[in-house]
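Colleague: Dumping the structure here so I can ask a few things about it.
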Amino acid sequence: MSDKATARIGWIDEFKGFVLLLVCLYHVEQSFPQAQMGMLHLSALRMSAFFFISGMLFSTRRFGNFKDYFIHKTHVLLVPYILLSLLFLALDPVLYNFDLFPKAPRMTVMNIRPEIATVWNYIYWNLAKIFVAGKSSIGSGPLWFVFTLYSVSLLFYGVQKIVPRRFIFFVSLASLAGGWLLYVNHIRLPLGIERDLIVLFFFANGWLCKGMLKENTKKILALVAATIVSFAAYAYLEVPDPDFSIMNNDLGKDFRIFVASSFFGITGLIGTFVLADKLPNIVPVRIAKGILRNISRNALVILAVHWYTLLVMRLLFREAFNKPGVAYLAIPVVATVVIAAIPLFRCKLYRLLGKEKIGVRESLSIKD
């Protein structure tokens with residue numbers, strides 16, 4: 001691809017930050033059902049959109065060969081996945097008070113629903129989740145996406161090197177079909193291979209669409225119309241399913257609905273952020289974009305810490321928080337803990353993230 005096609009697109013960080021924000025809000029709603037925000041209606045959109053946009057960011061320009069790319073991705077994705085999973089396993093309240101276990105999220109490793117009777121059982125199956133299923137520990141659940149992004153990035157490196165560009169779409173379709181067949185036959189493989197097959201479809205198509213998006217976003221009226229039509233189609237096609245989960249490769253009852261709703265949802269979101277990128281650079285717009293960019297930059301910290309905070313609240317204070325009106329207080333509580341944790345990880349525990357040390361002000365900055 002040309003340098004023009006591979007240059008970073010301005011609104012991508014805001015897009016990623018928004019999707020990650022939706023993930024956090026969904027987990028609040030999941031932990032405290034009284035905090036209804038309609039997040040269930042976005043199940044077919046959130047993670048498919050994240051992996052689509054990750055595909056748009058895929059580039060090998062800085063790496064001379066697969067070894068260099070492998071070492072880099074291992075450093076920034078695999079090592080943080082393992083270290084953060086183990087850290088939040090060590091901090092899991094269940095380890096110190098096993099009476100809390102019945103309140104903890106249910107655990108599934110591949111197709112196994114383990115019987116956990118002791119703390120040692122709990123530790124063992126958490127380690128199995130991390131190293132066998134690729135789904136992280138209970139204390140850092142959302143980090144499964146880091147391992148999946150690692151696996152799919154390496155897989156796609158090989159695909160785009162071996163397969164001519166004009167055939168990559170068909171490879172992605174075959175991958176999607178393979179993941180769906182594993183789903184309908186209830187087959188779960190080590191390291192989430194069935195999940196990788198589904199994700200590869202979105203990742204590959206994000207990569208394929210990068211150049212096209214950069215060249216076809218200047219017609220404002222057409223873009224507005226396409227965005228409205230896409231969201232209308234998503235609203236019509238989307239079927240709320242509390243069990244839907246790309247993490248568990250649980251993709252709903254209808255293959256066509258899954259693909260179509262994901263497509264229209266992603267298209268609508270992209271249109272929204274392309275249009276937002278054209279807004280006047282006034283203070284409220286700059287602040288909103290800056291917050292979303294900060295979320296994107298601190299994704300590892302935010303995903304791990306918000307989930308751990310919700311886990312502690314769920315284990316210790318669920319009855320107090322899960323009440324009409326009161327449940328929404330979980331949002332500022334989680335936000336406060338996350339904001340406090342960002343400088344801690346970026347300034348002191350930065351090696352766990354595979355990142356360089358930065359200052360407190362920079363870690364919390366919402367400026368360009």
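The way I read the labels, and the way they are meant: chains A, B, ... in the order of the structure tokens, residue 1 as the first residue of every chain, and ligand 1 as the first ligand shown, with later ones counted on from there.
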Considering only C-alpha atoms, return as a PDB file with C-alpha atoms, in the first residue's frame whatever protein or nucleic-acid residues lie within 12 Å of Tyr157 in chain A, sequence-local ones (same chain, fewer than 4 positions apart) excluded.
Modeller:
ATOM      1  CA  GLY A  55      -7.450  -3.659  11.185  1.00  0.00           C
ATOM      2  CA  PHE A  58      -2.504  -2.518  10.894  1.00  0.00           C
ATOM      3  CA  SER A  59       0.856  -1.637   9.364  1.00  0.00           C
ATOM      4  CA  THR A  60       4.199  -3.397   8.939  1.00  0.00           C
ATOM      5  CA  ARG A  61       6.151  -0.385   7.674  1.00  0.00           C
ATOM      6  CA  PHE A  63       9.218  -3.891  10.743  1.00  0.00           C
ATOM      7  CA  ASN A  65      10.381  -9.060   8.857  1.00  0.00           C
ATOM      8  CA  PHE A  66       7.989 -11.222  10.839  1.00  0.00           C
ATOM      9  CA  LYS A  67      10.493 -11.697  13.676  1.00  0.00           C
ATOM     10  CA  ASP A  68      10.636  -7.952  14.336  1.00  0.00           C
ATOM     11  CA  TYR A  69       6.848  -7.674  14.175  1.00  0.00           C
ATOM     12  CA  PHE A  70       6.416 -10.694  16.460  1.00  0.00           C
ATOM     13  CA  LYS A  73       3.566  -7.319  19.380  1.00  0.00           C
ATOM     14  CA  LEU A 149      -5.702  -8.741  19.086  1.00  0.00           C
ATOM     15  CA  TYR A 150      -2.228 -10.233  19.521  1.00  0.00           C
ATOM     16  CA  SER A 151      -3.210 -13.540  17.912  1.00  0.00           C
ATOM     17  CA  VAL A 152      -5.119 -11.984  15.030  1.00  0.00           C
ATOM     18  CA  SER A 153      -2.403  -9.412  14.307  1.00  0.00           C
ATOM     19  CA  LYS A 161       2.094 -11.459   3.035  1.00  0.00           C
ATOM     20  CA  ILE A 162       0.942 -14.667   1.363  1.00  0.00           C
ATOM     21  CA  VAL A 163      -2.463 -13.849  -0.126  1.00  0.00           C
ATOM     22  CA  ILE A 168      -8.079 -11.281   1.157  1.00  0.00           C
ATOM     23  CA  LEU A 200     -10.064 -11.999  11.537  1.00  0.00           C
ATOM     24  CA  PHE A 203      -9.796  -7.092  11.161  1.00  0.00           C
ATOM     25  CA  ALA A 204      -9.078  -7.953   7.522  1.00  0.00           C
ATOM     26  CA  TRP A 207      -7.484  -3.131   6.631  1.00  0.00           C
TER      27      TRP A 207
END
Colleague: Would you mind listing what lies within 12 Å of Leu251 in chain A as an NGL selection string, with only C-alpha atoms counted and same-chain residues fewer than 4 positions away left out?
Modeller: :A and (43-45 or 47-48 or 176 or 179-184 or 186 or 194-195 or 198-199 or 239-247 or 255-259 or 261-262)
Colleague: Report, in Å with one decimal, the straight-line distance from CA of His41 in chain A to CA of Leu303 in chain A.
Modeller: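 Calculated distance between CA of His41 in chain A and CA of Leu303 in chain A is 20.4 Å.
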Colleague: So what do you get for CA of Met56 in chain A versus CA of Ala177 in chain A, distance-wise?
Modeller: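 Distance between the two atoms: 21.7 Å.
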Colleague: Set the distance at 7 Å and use only C-alpha atoms: which residues neighbour Trp11 in chain A once local chain neighbours fewer than 6 positions away are removed? I'd like the list as a list in words.
Modeller: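 Selected residues are Phe273, Val274 and Asp277 of chain A.
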Colleague: Based on the selection just made, write all heavy atoms of those residues as an mmCIF file, in the first residue's frame.
Modeller:
data_model
loop_
_atom_site.group_PDB
_atom_site.id
_atom_site.type_symbol
_atom_site.label_atom_id
_atom_site.label_comp_id
_atom_site.auth_asym_id
_atom_site.auth_seq_id
_atom_site.Cartn_x
_atom_site.Cartn_y
_atom_site.Cartn_z
ATOM 1 N N PHE A 273 -18.051 9.470 13.089
ATOM 2 C CA PHE A 273 -16.771 10.043 13.487
ATOM 3 C C PHE A 273 -16.074 10.775 12.346
ATOM 4 O O PHE A 273 -15.309 11.720 12.595
ATOM 5 C CB PHE A 273 -15.883 8.961 14.101
ATOM 6 C CG PHE A 273 -16.222 8.702 15.533
ATOM 7 C CD1 PHE A 273 -17.187 7.770 15.877
ATOM 8 C CD2 PHE A 273 -15.626 9.435 16.543
ATOM 9 C CE1 PHE A 273 -17.533 7.559 17.201
ATOM 10 C CE2 PHE A 273 -15.966 9.230 17.866
ATOM 11 C CZ PHE A 273 -16.919 8.291 18.203
ATOM 12 N N VAL A 274 -16.322 10.364 11.134
ATOM 13 C CA VAL A 274 -15.805 11.138 10.005
ATOM 14 C C VAL A 274 -16.463 12.516 9.986
ATOM 15 O O VAL A 274 -15.801 13.550 9.796
ATOM 16 C CB VAL A 274 -16.057 10.411 8.675
ATOM 17 C CG1 VAL A 274 -15.720 11.317 7.488
ATOM 18 C CG2 VAL A 274 -15.222 9.138 8.596
ATOM 19 N N ASP A 277 -15.210 14.717 12.774
ATOM 20 C CA ASP A 277 -13.877 15.225 12.490
ATOM 21 C C ASP A 277 -13.924 16.537 11.714
ATOM 22 O O ASP A 277 -12.937 17.278 11.679
ATOM 23 C CB ASP A 277 -13.084 14.179 11.700
ATOM 24 C CG ASP A 277 -11.585 14.421 11.754
ATOM 25 O OD1 ASP A 277 -11.072 14.691 12.855
ATOM 26 O OD2 ASP A 277 -10.939 14.355 10.693
#
Colleague: Could you list, as number ranges by chain, every residue within 9 Å of Asn97 in chain A, counting only C-alpha atoms and ignoring same-chain residues fewer than 4 positions away?
Modeller: A: 93, 101, 119
Colleague: Counting only C-alpha atoms, what is within 10 Å of Leu269 in chain A, bar same-chain residues fewer than 6 positions away, as a PyMOL selection string?
Modeller: chain A and resi 15+18-19+45+49+227+230-231+275
Colleague: With DSSP run on the backbone, what are the helix (DSSP H, G or I) residues within range 132-288 of chain A? I'd like them as JSON, numbers by chain.
Modeller: {"A": [132, 133, 138, 139, 140, 141, 142, 143, 144, 145, 146, 147, 148, 149, 150, 151, 152, 153, 154, 155, 156, 157, 158, 159, 160, 161, 162, 165, 166, 167, 168, 169, 170, 171, 172, 173, 174, 175, 176, 177, 178, 179, 180, 181, 182, 183, 184, 190, 191, 192, 193, 194, 195, 196, 197, 198, 199, 200, 201, 202, 203, 204, 205, 206, 207, 208, 209, 210, 211, 212, 213, 214, 215, 220, 221, 222, 223, 224, 225, 226, 227, 228, 229, 230, 231, 232, 233, 234, 235, 236, 237, 255, 256, 257, 258, 259, 260, 261, 262, 263, 264, 265, 266, 267, 268, 269, 270, 271, 272, 273, 274, 275, 276, 283, 284, 285, 286, 287, 288]}
Colleague: Could you list, as a ChimeraX atom specification, every residue within 8 Å of Leu311 in chain A, counting only C-alpha atoms and ignoring same-chain residues fewer than 5 positions away?
Modeller: /A:31,104,139
Colleague: Can I get the selected residues back with N, CA and C atoms, as a compact mmCIF listing (two decimals), in the first residue's frame?
Modeller:
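In the end it all went to again.txt:
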# COMPACT_ATOMS: atom_id res chain seq x y z
N SER A 31 -23.08 -5.40 35.53
CA SER A 31 -22.83 -5.61 36.96
C SER A 31 -24.00 -5.15 37.81
N ALA A 104 -19.20 -13.96 42.46
CA ALA A 104 -18.25 -13.67 41.38
C ALA A 104 -18.83 -14.07 40.03
N GLY A 139 -10.46 -11.30 37.51
CA GLY A 139 -10.20 -9.95 37.96
C GLY A 139 -9.89 -8.95 36.87
Colleague: I need the residue nearest Asp92 in chain A from this list: A:Val229, A:Leu40, A:Ile71, A:Ile123. Use only C-alpha atoms for the distance.
Modeller: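 Closest to Asp92 in chain A, using only C-alpha atoms: A:Ile123.
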Colleague: My list of candidates is A:Ile266, A:Ala327, A:Leu143, A:Ile112. Which is closest to Val28 in chain A when distances are computed with only C-alpha atoms?
Modeller: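 Of the candidates, the smallest distance to Val28 in chain A is held by A:Ala327.
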Colleague: Set the distance at 10 Å and use only C-alpha atoms: which residues neighbour Cys347 in chain A once local chain neighbours fewer than 3 positions away are removed? I'd like the list as an MDAnalysis selection string.
Modeller: chainID A and resid 341:344 350:351 355:360 362:363
Colleague: Write to file, as a PDB file, in the first residue's frame, the residues of the selection just made, with C-alpha atoms.
Modeller:
ATOM      1  CA  ALA A 341      -5.143   4.576  38.353  1.00  0.00           C
ATOM      2  CA  ILE A 342      -3.974   6.002  35.017  1.00  0.00           C
ATOM      3  CA  PRO A 343      -1.025   7.994  36.477  1.00  0.00           C
ATOM      4  CA  LEU A 344      -0.150   5.072  38.765  1.00  0.00           C
ATOM      5  CA  TYR A 350       4.474   1.331  33.085  1.00  0.00           C
ATOM      6  CA  ARG A 351       6.540  -1.795  32.453  1.00  0.00           C
ATOM      7  CA  LYS A 355       5.050   1.398  27.517  1.00  0.00           C
ATOM      8  CA  GLU A 356       7.546   4.117  28.376  1.00  0.00           C
ATOM      9  CA  LYS A 357       7.289   6.121  31.580  1.00  0.00           C
ATOM     10  CA  ILE A 358       5.439   9.427  31.274  1.00  0.00           C
ATOM     11  CA  GLY A 359       4.441  12.153  33.719  1.00  0.00           C
ATOM     12  CA  VAL A 360       1.154  12.523  35.570  1.00  0.00           C
ATOM     13  CA  GLU A 362       0.801  13.782  30.226  1.00  0.00           C
ATOM     14  CA  SER A 363      -0.975  10.598  31.274  1.00  0.00           C
TER      15      SER A 363
END
Colleague: In Å, how far is it from CA of Ile116 in chain A to CA of Pro80 in chain A?
Modeller: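 Distance between the two atoms: 27.1 Å.
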Colleague: In terms of the shortest atom-to-atom distance over only C-alpha atoms, which of A:Asn281, A:Ser85, A:Ser175, A:Asn322 is closest to Ile130 in chain A?
Modeller: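 Closest to Ile130 in chain A, using only C-alpha atoms: A:Ser85.
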Colleague: Just checking: using only C-alpha atoms, which residue out of A:Phe50, A:Gly265, A:Ile193, A:Phe32 ends up closest to Ala320 in chain A?
Modeller: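 The shortest atom-to-atom distance to Ala320 in chain A comes from A:Phe32.
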Colleague: Pick from A:Phe345, A:Tyr122, A:Tyr234, A:Phe131: nearest to Leu89 in chain A, with only C-alpha atoms counted?
Modeller: A:Tyr122
